[in-house]
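Below: the structure, in structure tokens.
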Amino acid sequence: MTSAPQPPTHHHRPRRAEGGFPVVGIVGGGQLARMCQPPAVALSLTVSVLAESESASAALVVPHSPVGHHTDLDALRAWAQHCDVVTFDHEHVPQEVLAALAADGVELHPSPDALVYAQDKLAMRERLTALGLPCPRWTRARTAEEVEAFAAEVGWPLVVKAPRGGYDGKGVQVCREPAEVEPWLSGVGEGGLADGLLLEEAVDFTRELSIMVGRSPSGQAAAWPVVETVQEGGINTEVLAPAPGLDPDLATSLTEGALRIAGELGVTGVMAVEVFEVTRVGPDGGTRAAYLVNELAMRPHNSGHWTIDGSVTSQFEQHLRAVLDLPLGDPSARDAWTASANVLGGDYAELYGTYKHLMARDPGLKIHLYGKGVRPGRKLGHVTVYGGRSGDLHSLEALRERARHAADYLQGVVTE
């Protein structure tokens with residue numbers, strides 16, 4: 001008598017490739033962990049993901065994806081003992097958990113000392129200001145009087161941020177009067193507002209830019225071209241690489257600034273530096289382009305998804321190289337322009353037929369979906385096209401239109 005077939009289970013430990021190749025552990029089973037799998041295969045590495053659920057984005061494609069929560073120290077310890085290095089799909093692992101893993105001898109990249117500047121916006125502002133890097137005017141506030149004093153200095157509106165826990169427009173509000181700040185003040189001392197509010201001036205900016213850099217533990221660093229990011233409702237919807245019409249001096253100073261941040265903060269892996277491009281008036285009355293640092297992300301980032309198809313080394317391959325202290329890859333762009341558009345959830349729960357139509361309509365389109373269920377506004381994937389002629393903004397606009405059409409078609413905004 002034969003026994004009934006048993007449901008598949010994850011192996012207790014990841015299967016290592018022969019030849020001494022390491023295992024990279026990633027905390028979190030989101031799309032960033034998922035997109036590390038293809039370059040890991042090419043590099044002969046094994047990825048192990050501690051996933052939120054068996055249906056998490058990365059768990060669908062990474063064979064060893066045990067389920068565990070990023071705040072569960074016992075689960076993290078049991079999983080991490082089989083990994084050579086541990087890195088992160090997100091920045092939400094508590095510092096006390098990271099400290100315990102580090103005390104166990106787990107090699108963490110980025111380190112807890114670096115990651116705190118991506119987890120805590122007040123700490124980030126304090127450190128960047130101390131380093132003399134350009135930031136919006138800011139302050140910490142715990143009382144209505146402190147809010148009023150800062151508003152008297154910089155003027156309304158104010159940008160109010162939760163120092164911890166915010167992302168993709170959450171935990172951020174533009175407030176135009178004291179009454180709009182009051183609900184925030186009522187939460188001071190708890191959760192993400194334990195240390196108070198971060199208040200910033202509302203920057204009059206030209207556009208938003210981002211630069212990705214990679215840095216290894218031995219100090220080797222590399223930077224991709226500066227890109228323009230288009231935001232709608234606090235969510236990045238498009239990325240244009242390189243940023244069109246960017247002043248060469250600004251590109252140089254921003255690249256130098258991002259590499260300095262990575263070095264001074266001891267970042268290992270890849271990091272995104274999101275900035276505002278602003279116009280400054282010089283002593284002679286002339287204007288020049290400058291930047292103010294908005295946010296840091298110490299992991300692969302949405303503004304770097306274009307690199308999968310558009311650069312010699314993607315941000316995901318570079319992240320794996322960096323956390324293992326392997327020599328870094330070439331971050332150069334493959335072509336004159338790359339345009340990428342995010343796919344958000346819309347009217348179609350069934351994406352496969354739509355996806356096939358787009359493949360037939362535009363064979364040059366690269367479609368990346370993350371294996372997620374459709375929910376309105378949810379980030380489901382991205383589409384990328386590249387080509388054109390260097391310096392030709394018309395060819396960039398044609399690429400941008402192709403990417404936007406594909407994203408809108410998948411979302412159901414357009415139907416032809």
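Ordering of the structure tokens sets the chain letters (A, B, ...), residue numbers begin anew at 1 in every chain, and ligands are numbered from 1 in the order given.
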
Quiz item: Which residues, written as a ChimeraX atom specification, have at least one atom at most 8 Å from range 277-279 of chain A, with only C-alpha atoms counted and residues fewer than 3 positions away on the same chain left out?
Solution: /A:204-209,287-292

Exercise. Fewer than 2 positions away in the same chain doesn't count, so skip those; otherwise give me all residues within 9 Å of range 375-387 of chain A, counting only C-alpha atoms, as number ranges by chain.
Key: A: 31, 305-306, 308-310, 334-347, 349, 364-373, 389-390, 395-396, 399-400, 402-404, 406-407, 411

Self-check item: For range 318-329 of chain A: contacts at 8 Å, only C-alpha atoms, fewer than 4 positions along chain excluded, given as a VMD selection string
Solution: chain A and resid 24 36 40 85 87 109 to 110 214 to 218 220 to 222 268 to 270 299 to 300 312 to 314

Can I get the selected residues back with C-alpha atoms, as a CSV table (one decimal), in the first residue's frame?
```csv
chain,number,residue,atom,x,y,z
A,24,VAL,CA,23.2,35.1,0.3
A,36,CYS,CA,18.0,39.3,-7.1
A,40,ALA,CA,22.3,35.1,-8.6
A,85,VAL,CA,25.9,37.0,4.4
A,87,THR,CA,21.0,41.5,3.4
A,109,HIS,CA,25.1,44.2,4.8
A,110,PRO,CA,24.4,47.0,5.3
A,214,GLY,CA,27.2,50.4,-5.0
A,215,ARG,CA,29.8,50.0,-2.3
A,216,SER,CA,31.6,46.9,-1.1
A,217,PRO,CA,33.0,46.2,2.4
A,218,SER,CA,36.6,46.8,1.1
A,220,GLN,CA,35.2,49.8,-3.8
A,221,ALA,CA,32.4,51.9,-5.1
A,222,ALA,CA,30.6,52.5,-8.4
A,268,THR,CA,27.6,48.1,1.9
A,269,GLY,CA,25.4,47.0,-1.0
A,270,VAL,CA,23.6,49.4,-3.2
A,299,ARG,CA,18.9,48.5,-0.8
A,300,PRO,CA,17.9,48.1,-4.4
A,312,VAL,CA,25.8,46.6,-18.2
A,313,THR,CA,25.4,45.6,-14.5
A,314,SER,CA,22.0,45.8,-12.9
```

Quiz item: For the atom pair CA of Ser311 in chain A and CA of Tyr352 in chain A, what is the interatomic distance in Å to one decimal place?
Solution: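 Computing the Euclidean distance for CA of Ser311 in chain A and CA of Tyr352 in chain A yields 27.1 Å.
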
Quiz item: as a VMD selection string, which residues of range 75-152 of chain A does DSSP assign to helix (DSSP H, G or I)?
Solution: chain A and resid 75 to 80 95 to 103 112 to 119 121 to 130 144 to 152

Quiz prompt | Contacts of Ile211 in chain A within 7 Å, only C-alpha atoms, excl. fewer than 6 positions in-chain, as a PyMOL selection string | solution = chain A and resi 224-227+272-274

Self-check item: Surrounding residues of Leu351 in chain A excluding itself and chain neighbours under 3 positions, 9 Å, only C-alpha atoms, as a list in words
Solution: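 Here the answer would be Tyr348, Thr354, Tyr355, Lys356, Val374, Leu410 and Gln411 of chain A.
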
With C-alpha atoms kept, could you save the residues just selected as an mmCIF file, in the first residue's frame?
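Printed below is part26.cif as written:
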```cif
data_model
loop_
_atom_site.group_PDB
_atom_site.id
_atom_site.type_symbol
_atom_site.label_atom_id
_atom_site.label_comp_id
_atom_site.auth_asym_id
_atom_site.auth_seq_id
_atom_site.Cartn_x
_atom_site.Cartn_y
_atom_site.Cartn_z
ATOM 1 C CA TYR A 348 -7.712 43.699 -14.682
ATOM 2 C CA THR A 354 -2.793 41.590 -21.500
ATOM 3 C CA TYR A 355 0.879 40.737 -21.104
ATOM 4 C CA LYS A 356 0.819 38.544 -24.243
ATOM 5 C CA VAL A 374 -4.014 42.865 -8.366
ATOM 6 C CA LEU A 410 -1.721 46.575 -18.030
ATOM 7 C CA GLN A 411 -3.543 48.805 -15.570
#
```

So that each row is one residue of range 107-160 of chain A with an atom at most 8 Å from range 168-190 of chain A, can you give its shortest atom pair and the distance in Å to one decimal, using only C-alpha atoms, rows by chain and rising number, as a Markdown table?
```
| residue | atom | partner | partner_atom | distance |
| --- | --- | --- | --- | --- |
| A:Arg142 | CA | A:Val188 | CA | 6.4 |
| A:Thr143 | CA | A:Leu185 | CA | 6.7 |
| A:Ala144 | CA | A:Leu185 | CA | 7.4 |
| A:Val147 | CA | A:Pro178 | CA | 7.7 |
| A:Glu148 | CA | A:Pro178 | CA | 7.4 |
| A:Trp156 | CA | A:Arg176 | CA | 5.6 |
| A:Pro157 | CA | A:Arg176 | CA | 4.2 |
| A:Leu158 | CA | A:Cys175 | CA | 5.3 |
| A:Val159 | CA | A:Val174 | CA | 4.5 |
| A:Val160 | CA | A:Gln173 | CA | 5.3 |
```

Practice problem: Could you check which of A:Gly286, A:Gly266, A:Pro39, A:Pro66 is closest to Ala51 in chain A, using only C-alpha atoms? | Solution: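 With only C-alpha atoms as the atom set, the closest residue is A:Pro66.
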
Self-check item: Gly192 in chain A environment, 10 Å, only C-alpha atoms, sequence neighbours closer than 2 positions dropped, as a list of chain:residue names
Solution: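 Here the answer would be A:Gln119, A:Asp120, A:Lys161, A:Ala162, A:Pro163, A:Arg164, A:Gly165, A:Gly166, A:Gly171, A:Gly187, A:Val188, A:Gly189, A:Glu190, A:Ala194, A:Asp195, A:Gly196, A:Leu197.
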
Practice problem: Select from range 243-291 of chain A everything DSSP, run on the backbone, classes as strand (DSSP E or B), then give the selection as an MDAnalysis selection string. | Solution: chainID A and resid 269:281 287:291

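Rounded to one decimal, CA of Arg140 in chain A and CA of Asn302 in chain A lie 28.2 Å from each other.
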
Quiz prompt | Spatial neighbours of Gly155 in chain A, max dist 9 Å, only C-alpha atoms, sep filter under 5 positions, as a ChimeraX atom specification | solution = /A:150,201-202
